[in-house]
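The next block holds one structure in the form of structure tokens; read it before the comments.
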Amino acid sequence: MSTAEDRAAALDLVARLKSSYPELPDAPAPDLLDHARLWAYLKTDHDVGGEPDAPIIYENKQYETWEHNTYVICEVLAWRGIWLSEERRRIGNVDLGRTMYLGLPYYGRWLLAVARVLAEKQHIGLTELSERMLEVKARYEGGLAGRTPTAEPKFAGDGSRVKRNSHHLDAVGKGDPQVFAGRAGAARFRVGDQVLVRELPALFYTRTPEYVRGAVGEIAALAYESPAPEDETWDRHDAKPEWFYVVEFDLSRLWDTYTGIGTDVLRTEIPERWLSPAN
């Protein structure tokens, strides 16, 4: 049982967890927000490329058991048609808010995505999930003490009525994105074409980096055919596949403060809808 002191200490820690501008109050009135800050708030959380940050030491840390188990759970959910990988990325990496995206461990966000998707698709109730969490917590009260956590399911459910996507069947023996080959039609661009990355509004999930939007690059290769992540993430069966291109950018033109050599380039995959002729 928690005490009043325990609850006060927990809420004090939450109050320190901020992801806002210190010069603005929480939930600011509209007249206090300028366009630049509003844009920053709405920028998708996972698109952090190019943002200034302090250097960190790279550590080749081995995955922990719970991280391996989380990966396996996510793969099994995909194999059984419960979600698409883009769906997991959207719910696990984007709809969390910047504070949780930057503050949680990588596979912690994957694990949270499992719970959110299963609840969102009504495969599990929130009360059921809460009760099971308490049950597992009590099972290992006092720590693992060298034990390995084991699953103790209460029953094996009947999955015949579970609503599933069809992608896990369509792609069997073909793979993804190979399953979409030949369905996008003629490619609009060719290798060597100069293209401009369109500055489409991106309020929600996208995998086109913000730092290349509005920049000019060159088509280096035609990569594959697939629905754009913005559509595939919702398991839209009517989403038409389109061409993805490997676009090459001159780093000295891409970054205003770049100080490397003039021949340095960056390549990234971009779907056709984001590109227009540079001229």
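Order determines the names: the first chain of the structure tokens is A, the second B, and so forth; residues in each chain are numbered 1 upward, and ligands are numbered 1 upward as they are shown.
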
Nearby residues (only C-alpha atoms) at most 9 Å from segment 33-49 of chain A, same-chain spacing under 3 positions excluded, as a list in words:
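The filter keeps Ser20, Tyr21, Leu24, Pro28, Ala29, Pro30, Pro52, Asn93, Val94, Asp95, Leu96, Gly97, Arg98, Thr99, Tyr101, Leu102, Ala202, Leu203, Phe204, Tyr205, Thr206, Arg207, Thr208, Pro209, Glu210 and Tyr211 of chain A.
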
Can I get the selection written as a compact mmCIF listing (two decimals), in the first residue's frame, with C-alpha atoms?
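part.txt was written with the following content:
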```txt
# COMPACT_ATOMS: atom_id res chain seq x y z
CA SER A 20 7.95 22.28 -23.28
CA TYR A 21 9.48 25.71 -23.65
CA LEU A 24 5.70 29.30 -21.93
CA PRO A 28 -0.50 28.12 -23.35
CA ALA A 29 -3.18 30.42 -24.67
CA PRO A 30 -3.18 30.60 -28.51
CA PRO A 52 21.65 19.37 -32.30
CA ASN A 93 7.38 5.42 -32.08
CA VAL A 94 5.21 8.37 -33.02
CA ASP A 95 2.02 8.61 -30.99
CA LEU A 96 3.90 8.72 -27.70
CA GLY A 97 4.94 12.34 -27.49
CA ARG A 98 8.52 13.54 -27.51
CA THR A 99 9.09 13.05 -23.79
CA TYR A 101 9.97 8.81 -27.23
CA LEU A 102 13.29 10.17 -25.99
CA ALA A 202 3.38 15.76 -41.82
CA LEU A 203 1.28 15.94 -38.68
CA PHE A 204 1.46 12.21 -38.06
CA TYR A 205 3.50 9.22 -39.16
CA THR A 206 5.94 9.49 -42.07
CA ARG A 207 9.40 8.14 -42.79
CA THR A 208 10.52 10.99 -45.03
CA PRO A 209 13.06 12.89 -42.89
CA GLU A 210 12.28 16.53 -42.19
CA TYR A 211 15.86 17.58 -42.89
```

Quiz prompt | Neighbour list for Glu242 of chain A as a list in words, cut-off 10 Å, only C-alpha atoms, skip fewer than 2 positions in-chain | solution =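 So, after excluding close chain neighbours, the residues are Phe180, Ala181, Gly182, Arg183, Ala184, Gly185, Ala186, Ala187, Arg188, Tyr224, Glu225, Ser226, Pro227, Ala228, Ala239, Lys240, Phe244, Tyr245, Pro271, Glu272 and Arg273 of chain A.
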
- Query: Residues of segment 129-265 of chain A in strand (DSSP E) according to DSSP, as a ChimeraX atom specification?
  - Reply: /A:194-197,216-226,242-250,265

Selected residues, N, CA and C atoms, written as a JSON list (two decimals), in the first residue's frame, please.
```
[["chain", "number", "residue", "atom", "x", "y", "z"],
["A", 194, "GLN", "N", 17.23, 15.11, -61.35],
["A", 194, "GLN", "CA", 17.26, 16.02, -60.21],
["A", 194, "GLN", "C", 15.84, 16.18, -59.68],
["A", 195, "VAL", "N", 15.66, 15.98, -58.36],
["A", 195, "VAL", "CA", 14.33, 16.03, -57.76],
["A", 195, "VAL", "C", 14.33, 16.96, -56.55],
["A", 196, "LEU", "N", 13.18, 17.53, -56.32],
["A", 196, "LEU", "CA", 12.95, 18.38, -55.15],
["A", 196, "LEU", "C", 12.04, 17.63, -54.19],
["A", 197, "VAL", "N", 12.43, 17.52, -52.93],
["A", 197, "VAL", "CA", 11.59, 16.86, -51.93],
["A", 197, "VAL", "C", 10.49, 17.83, -51.51],
["A", 216, "VAL", "N", 17.10, 19.73, -52.76],
["A", 216, "VAL", "CA", 17.25, 19.14, -54.09],
["A", 216, "VAL", "C", 18.26, 18.01, -54.01],
["A", 217, "GLY", "N", 17.89, 16.86, -54.60],
["A", 217, "GLY", "CA", 18.80, 15.72, -54.65],
["A", 217, "GLY", "C", 18.77, 15.07, -56.02],
["A", 218, "GLU", "N", 19.47, 13.96, -56.14],
["A", 218, "GLU", "CA", 19.55, 13.25, -57.42],
["A", 218, "GLU", "C", 19.15, 11.79, -57.22],
["A", 219, "ILE", "N", 18.34, 11.26, -58.14],
["A", 219, "ILE", "CA", 17.94, 9.86, -58.05],
["A", 219, "ILE", "C", 19.17, 8.98, -58.28],
["A", 220, "ALA", "N", 19.52, 8.18, -57.27],
["A", 220, "ALA", "CA", 20.67, 7.29, -57.37],
["A", 220, "ALA", "C", 20.25, 5.88, -57.76],
["A", 221, "ALA", "N", 19.02, 5.49, -57.43],
["A", 221, "ALA", "CA", 18.55, 4.15, -57.77],
["A", 221, "ALA", "C", 17.05, 4.07, -57.55],
["A", 222, "LEU", "N", 16.39, 3.18, -58.30],
["A", 222, "LEU", "CA", 15.01, 2.81, -58.04],
["A", 222, "LEU", "C", 15.07, 1.65, -57.06],
["A", 223, "ALA", "N", 14.46, 1.82, -55.90],
["A", 223, "ALA", "CA", 14.64, 0.84, -54.83],
["A", 223, "ALA", "C", 13.63, -0.31, -54.91],
["A", 224, "TYR", "N", 12.34, -0.01, -54.79],
["A", 224, "TYR", "CA", 11.31, -1.05, -54.76],
["A", 224, "TYR", "C", 9.94, -0.40, -54.86],
["A", 225, "GLU", "N", 8.90, -1.23, -54.96],
["A", 225, "GLU", "CA", 7.52, -0.76, -54.99],
["A", 225, "GLU", "C", 6.83, -1.17, -53.68],
["A", 226, "SER", "N", 6.07, -0.23, -53.10],
["A", 226, "SER", "CA", 5.40, -0.50, -51.83],
["A", 226, "SER", "C", 4.44, 0.65, -51.53],
["A", 242, "GLU", "N", 3.61, 2.45, -54.68],
["A", 242, "GLU", "CA", 4.31, 3.45, -55.49],
["A", 242, "GLU", "C", 5.79, 3.15, -55.44],
["A", 243, "TRP", "N", 6.54, 3.80, -56.31],
["A", 243, "TRP", "CA", 7.99, 3.58, -56.35],
["A", 243, "TRP", "C", 8.68, 4.30, -55.20],
["A", 244, "PHE", "N", 9.67, 3.62, -54.66],
["A", 244, "PHE", "CA", 10.59, 4.23, -53.71],
["A", 244, "PHE", "C", 11.93, 4.43, -54.42],
["A", 245, "TYR", "N", 12.56, 5.56, -54.15],
["A", 245, "TYR", "CA", 13.83, 5.90, -54.79],
["A", 245, "TYR", "C", 14.90, 6.12, -53.74],
["A", 246, "VAL", "N", 16.13, 5.75, -54.11],
["A", 246, "VAL", "CA", 17.28, 6.15, -53.30],
["A", 246, "VAL", "C", 17.72, 7.51, -53.85],
["A", 247, "VAL", "N", 17.60, 8.54, -53.01],
["A", 247, "VAL", "CA", 17.92, 9.91, -53.42],
["A", 247, "VAL", "C", 19.21, 10.33, -52.73],
["A", 248, "GLU", "N", 20.12, 10.88, -53.51],
["A", 248, "GLU", "CA", 21.42, 11.31, -53.00],
["A", 248, "GLU", "C", 21.46, 12.82, -52.86],
["A", 249, "PHE", "N", 21.97, 13.28, -51.72],
["A", 249, "PHE", "CA", 22.05, 14.71, -51.43],
["A", 249, "PHE", "C", 23.51, 15.10, -51.15],
["A", 250, "ASP", "N", 23.86, 16.28, -51.60],
["A", 250, "ASP", "CA", 25.16, 16.88, -51.32],
["A", 250, "ASP", "C", 25.12, 17.44, -49.90],
["A", 265, "VAL", "N", 28.30, 12.83, -49.36],
["A", 265, "VAL", "CA", 26.90, 12.75, -49.75],
["A", 265, "VAL", "C", 26.12, 11.94, -48.72]]
```

| field | Non-local contacts of Glu64 of chain A (12 Å; only C-alpha atoms; under 3 positions in same chain excluded) as an NGL selection string | value | :A and (61 or 67-71 or 105-108 or 148)

Same residues, C-alpha atoms, saved as a short mmCIF file (atom, residue, chain, number, x, y, z; two decimals), in the first residue's frame:
```cif
data_model
loop_
_atom_site.label_atom_id
_atom_site.label_comp_id
_atom_site.auth_asym_id
_atom_site.auth_seq_id
_atom_site.Cartn_x
_atom_site.Cartn_y
_atom_site.Cartn_z
CA LYS A 61 25.72 -3.39 -25.31
CA GLU A 67 14.48 -7.17 -25.08
CA HIS A 68 14.90 -10.42 -27.04
CA ASN A 69 11.49 -11.59 -25.81
CA THR A 70 9.88 -8.31 -26.83
CA TYR A 71 11.29 -8.62 -30.35
CA PRO A 105 14.40 2.47 -23.82
CA TYR A 106 14.09 1.43 -27.46
CA TYR A 107 12.46 -1.94 -26.79
CA GLY A 108 10.47 -0.38 -23.97
CA THR A 148 14.02 -16.46 -15.50
#
```

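Restricting the calculation to only C-alpha atoms, the smallest distance between Pro201 of chain A and any of A:Glu59, A:Asp26, A:Glu141, A:Glu230 is found for A:Glu230.
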
Computed gap from atom CA of Arg267 of chain A to atom CA of Gln178 of chain A is 21.4 Å

(Q) Given only C-alpha atoms as the basis, pick out the residue of A:Gln122, A:Asn279, A:Ser85, A:Asn60 nearest to Val162 of chain A. (A)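 Comparing A:Gln122, A:Asn279, A:Ser85, A:Asn60 against Val162 of chain A, the winner is A:Gln122.
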
- Quick one: everything within 10 Å of Trp234 of chain A, counting only C-alpha atoms, minus sequence neighbours fewer than 5 positions away in the same chain. Send it as a ChimeraX atom specification. /A:83-84,86-88,90,229,239

How would the residues just picked look written out with C-alpha atoms as an mmCIF file, in the first residue's frame?
```cif
data_model
loop_
_atom_site.group_PDB
_atom_site.id
_atom_site.type_symbol
_atom_site.label_atom_id
_atom_site.label_comp_id
_atom_site.auth_asym_id
_atom_site.auth_seq_id
_atom_site.Cartn_x
_atom_site.Cartn_y
_atom_site.Cartn_z
ATOM 1 C CA TRP A 83 -0.394 -5.844 -37.082
ATOM 2 C CA LEU A 84 2.003 -4.565 -39.735
ATOM 3 C CA GLU A 86 4.633 0.128 -39.938
ATOM 4 C CA GLU A 87 1.620 -0.013 -37.637
ATOM 5 C CA ARG A 88 3.858 -0.964 -34.737
ATOM 6 C CA ARG A 90 3.478 4.425 -35.749
ATOM 7 C CA PRO A 229 4.485 4.245 -44.866
ATOM 8 C CA ALA A 239 -3.419 1.783 -50.676
#
```
